[in-house]
>>> print(open('my_file-v3.txt').read())   # compact mmCIF, C-alpha atoms
# COMPACT_ATOMS: atom_id res chain seq x y z
CA MET A 585 0.00 0.00 0.00
CA ASN A 586 1.54 3.22 -1.17
CA GLY A 587 2.61 5.68 1.54
CA LEU A 588 1.93 3.25 4.39
CA THR A 589 4.38 1.39 6.58
CA GLN A 590 4.04 -2.37 6.17
CA VAL A 591 4.65 -4.67 9.14
CA GLU A 592 5.04 -8.40 8.63
CA ILE A 593 3.23 -10.62 11.14
CA THR A 594 4.34 -14.27 11.15
CA PHE A 595 3.47 -17.20 13.40
CA LEU A 596 5.08 -20.61 12.99
CA PRO A 597 4.53 -22.54 16.24
CA GLU A 598 7.70 -23.01 18.28
CA VAL A 599 9.82 -21.36 15.54
CA VAL A 600 8.79 -17.78 14.68
CA ASN A 601 6.38 -15.41 16.37
CA ASP A 602 6.11 -11.77 15.23
CA TRP A 603 3.21 -9.72 16.52
CA LEU A 604 1.96 -6.23 17.26
CA ARG A 605 1.96 -5.47 20.96
CA PHE A 606 0.07 -2.19 20.54
CA GLY A 607 -0.99 0.26 17.86
CA GLU A 608 -3.90 0.42 15.46
CA PRO A 609 -3.15 -0.44 11.83
CA VAL A 610 -5.25 1.29 9.19
CA SER A 611 -5.59 -2.01 7.35
CA GLU A 612 -4.47 -5.62 7.41
CA THR A 613 -3.92 -8.19 4.68
CA VAL A 614 -4.01 -11.91 5.42
CA LEU A 615 -1.52 -13.69 3.15
CA THR A 616 -1.77 -17.20 4.58
CA ARG A 617 -3.00 -18.81 7.77
CA ARG A 618 0.32 -17.94 9.40
CA ARG A 619 1.35 -14.70 7.68
CA SER A 620 -0.23 -11.30 7.36
CA HIS A 621 0.72 -7.67 6.86
CA ALA A 622 -0.44 -4.72 8.95
CA PHE A 623 -0.29 -1.22 7.48
CA PHE A 624 0.23 1.99 9.44
CA ALA A 625 -0.33 5.57 8.32
CA PRO A 626 2.46 8.10 8.83
CA GLY A 627 2.51 9.28 12.44
CA ASN A 628 0.95 6.12 13.90
CA VAL A 629 2.94 4.61 16.78
CA PHE A 630 3.09 0.86 17.33
CA GLY A 631 4.94 -1.84 19.24
CA TYR A 632 6.39 -4.74 17.25
CA VAL A 633 7.68 -7.94 18.85
CA ARG A 634 9.95 -10.44 17.10
CA TRP A 635 10.74 -13.87 18.57
CA ARG A 636 12.79 -16.71 17.11
CA GLN A 637 13.45 -20.22 18.44
CA GLY A 638 16.88 -21.76 17.98
CA ASP A 639 18.18 -25.29 18.48
CA TYR A 640 18.77 -24.63 22.19
CA GLY A 641 15.96 -22.26 23.14
CA THR A 642 15.11 -18.68 22.34
CA ALA A 643 17.53 -17.32 19.75
CA LEU A 644 16.03 -13.85 19.34
CA TRP A 645 13.58 -11.75 21.30
CA GLN A 646 13.09 -8.10 20.37
CA LEU A 647 10.54 -5.39 21.01
CA PHE A 648 10.54 -2.16 19.03
CA VAL A 649 8.52 0.98 19.67
CA LEU A 650 8.17 2.72 16.31
CA ARG A 651 6.38 5.52 14.49
CA ALA A 652 5.38 5.12 10.86
CA VAL A 653 6.88 7.82 8.64
CA ARG A 654 6.21 9.35 5.25
CA ILE A 655 8.30 8.04 2.39
CA ASP A 656 10.34 11.29 2.30
CA GLN A 657 11.27 11.18 6.01
CA PRO A 658 14.35 9.49 7.47
CA ALA A 659 13.66 6.01 8.77
CA THR A 660 15.41 3.17 10.52
CA ARG A 661 15.40 -0.06 8.51
CA LEU A 662 14.33 -3.08 10.54
CA PRO A 663 13.49 -6.66 9.56
CA GLY A 664 9.78 -7.03 8.89
CA ILE A 665 9.18 -3.27 8.53
CA GLU A 666 8.94 -1.72 5.06
CA PRO A 667 10.18 0.85 4.17
CA GLY A 668 11.29 1.56 7.76
CA ALA A 669 10.09 3.65 10.70
CA ASP A 670 11.16 6.19 13.30
CA LEU A 671 12.66 4.10 16.11
CA PHE A 672 11.72 5.33 19.60
CA ALA A 673 13.10 2.36 21.56
CA ALA A 674 14.59 -1.06 20.92
CA PHE A 675 14.73 -3.83 23.50
CA GLU A 676 16.65 -7.05 22.86
CA GLY A 677 17.00 -10.16 24.98
CA LYS A 678 14.59 -11.85 27.36
CA ALA A 679 15.26 -9.68 30.43
CA LYS A 680 15.09 -6.36 28.58
CA VAL A 681 12.00 -7.29 26.56
CA GLN A 682 10.31 -8.49 29.76
CA ARG A 683 11.07 -5.15 31.46
CA ALA A 684 9.60 -3.33 28.45
CA LEU A 685 6.50 -5.55 28.50
CA ASP A 686 6.12 -4.76 32.21
CA LEU A 687 6.22 -1.03 31.35
CA LEU A 688 3.49 -1.59 28.75
CA ASP A 689 1.37 -3.51 31.24
CA ASP A 690 1.75 -0.67 33.75
CA LEU A 691 0.70 1.95 31.18
CA GLU A 692 -2.35 -0.08 30.18
CA ARG A 693 -3.26 -0.77 33.81
CA ARG A 694 -3.39 3.02 34.28
CA SER A 695 -5.58 3.36 31.14
CA LEU A 696 -2.83 5.01 29.09
CA ASP A 697 -2.50 4.04 25.44
CA PRO A 698 1.18 3.17 24.81
CA ALA A 699 0.82 4.65 21.32
CA GLN A 700 -0.03 8.04 22.86
CA VAL A 701 2.90 8.13 25.30
CA SER A 702 5.62 10.74 24.80
CA PRO A 703 8.29 9.70 22.26
CA ALA A 704 10.89 11.26 24.57
CA TRP A 705 9.78 9.00 27.43
CA TRP A 706 10.09 5.94 25.18
CA ARG A 707 13.62 6.97 24.16
CA VAL A 708 14.69 7.50 27.77
CA ALA A 709 13.05 4.22 28.86
CA GLY A 710 14.85 2.36 26.06
CA ASN A 711 18.21 3.83 27.03
CA ARG A 712 17.71 3.18 30.75
CA ILE A 713 16.71 -0.45 30.20
CA ALA A 714 19.64 -0.94 27.80
CA THR A 715 22.04 0.23 30.51
CA GLY A 716 20.34 -1.66 33.34
CA LEU A 717 18.99 1.42 35.11
CA PRO A 718 15.50 1.78 36.59
CA VAL A 719 12.86 3.50 34.47
CA ARG A 720 10.89 6.33 35.98
CA PRO A 721 7.16 5.69 35.57
CA TYR A 722 5.35 7.75 32.96
CA SER A 723 3.40 10.33 34.93
CA GLU A 724 -0.05 11.78 34.45
CA ASN A 725 1.58 15.25 34.44
CA GLN A 726 3.87 14.26 31.56
CA HIS A 727 0.89 12.96 29.63
CA ALA A 728 -1.20 16.07 30.30
CA ALA A 729 1.68 18.28 29.13
CA LEU A 730 2.06 16.21 25.96
CA GLU A 731 -1.68 16.45 25.24
CA LYS A 732 -1.55 20.25 25.61
CA LEU A 733 1.44 20.40 23.28
CA ARG A 734 -0.41 18.28 20.71
CA GLN A 735 -3.35 20.70 20.87
CA LEU A 736 -1.03 23.60 20.07
CA ARG A 737 0.45 21.87 17.04
CA PRO A 738 -1.83 21.44 14.05
>>> encode(input="my_file-v3.txt", output="C-alpha cells")
Amino acid sequence: MNGLTQVEITFLPEVVNDWLRFGEPVSETVLTRRRSHAFFAPGNVFGYVRWRQGDYGTALWQLFVLRAVRIDQPATRLPGIEPGADLFAAFEGKAKVQRALDLLDDLERRSLDPAQVSPAWWRVAGNRIATGLPVRPYSENQHAALEKLRQLRP
C-alpha cells in the first residue's frame, strides 16, 4: 500500500512469532493462515515484537517501539518493517524485553494508550533499560503536558 508502513506478522509454532503489541493499523492483509501484513499511516505509533526459536531455546527476542513515517522522512530499517520507521526504543534479549513488556502492562493498567505516550519517554526508557537502570514511571503530568502540546500543534 503506497505511503503506508508495512509490518510483517508471522506465526510458525515453536519457531517464529512476530506480533503487534500495541498500535492500530489502518488495514491488514491476510496472506496465509500464518502470515499477514499490517499497514500503518504516517505518524501512527506501534509496538512490534519479534521472537525466534533456535536449536537450544530462544535465539532472538526483540521489542521495538516505532512511528510510521512518510516516504520522504528518514527512517530506521528493521526486519519485517517496510520501508522503515522512526525508532523510539529497541529492547533485545529476554530480560530487557520483559522489562519493556512490564512497562506496557503498567501503562495499560493506568488506562494510558502506549501509542499516545511521549516519544521522549520511550527513548529515555529504552536507554535506561539498555544500561540496566530503573525507568521512571510515565506520569499523568507528563501525559497532560504532551496532550496540551499536541493541541497547540496542528
>>> residues_around(input="my_file-v3.txt", residues="segment 685-698 of chain A", least_positions_apart="3", cutoff="9 Å", atoms="all atoms listed in the file", output="ChimeraX atom specification")
/A:605-607,629-631,647,680-682,701-702,709,719,721-722,727
>>> axis_aligned_box(input="my_file-v3.txt", around="segment 694-711 of chain A", padding_each_side="4 Å", output="AutoDock Vina command-line options")
--center_x 6.3 --center_y 6.8 --center_z 27.8 --size_x 31.8 --size_y 16.9 --size_z 21.0
>>> atom_distance(input="my_file-v3.txt", atom1="atom CA of Glu608 of chain A", atom2="atom CA of Ala699 of chain A")
8.6 Å
>>> residues_near_point(input="my_file-v3.txt", point="(3.6, -14.9, 12.0)", cutoff="8 Å", atoms="only C-alpha atoms", output="ChimeraX atom specification")
/A:592-596,600-603,618-620
>>> closest_residue(input="my_file-v3.txt", among="A:Ala704, A:Gln735, A:Glu598, A:Arg720", to="Gly638 of chain A", atoms="only C-alpha atoms")
A:Glu598
>>> closest_residue(input="my_file-v3.txt", among="A:Arg651, A:Arg661, A:Arg636, A:Arg737", to="Lys678 of chain A", atoms="only C-alpha atoms")
A:Arg636
>>> atom_distance(input="my_file-v3.txt", atom1="atom CA of Val610 of chain A", atom2="atom CA of Leu650 of chain A")
15.3 Å
>>> atom_distance(input="my_file-v3.txt", atom1="atom CA of Ala729 of chain A", atom2="atom CA of Thr715 of chain A")
27.2 Å
>>> closest_residue(input="my_file-v3.txt", among="A:Gln590, A:Gly627, A:Phe675, A:Val599", to="Gln657 of chain A", atoms="only C-alpha atoms")
A:Gly627
>>> closest_residue(input="my_file-v3.txt", among="A:Trp635, A:Pro667, A:Gly641, A:Gln726", to="Trp705 of chain A", atoms="all atoms listed in the file")
A:Gln726
>>> closest_residue(input="my_file-v3.txt", among="A:Asn586, A:Asn711, A:Asn725, A:Thr613", to="Glu666 of chain A", atoms="all atoms listed in the file")
A:Asn586
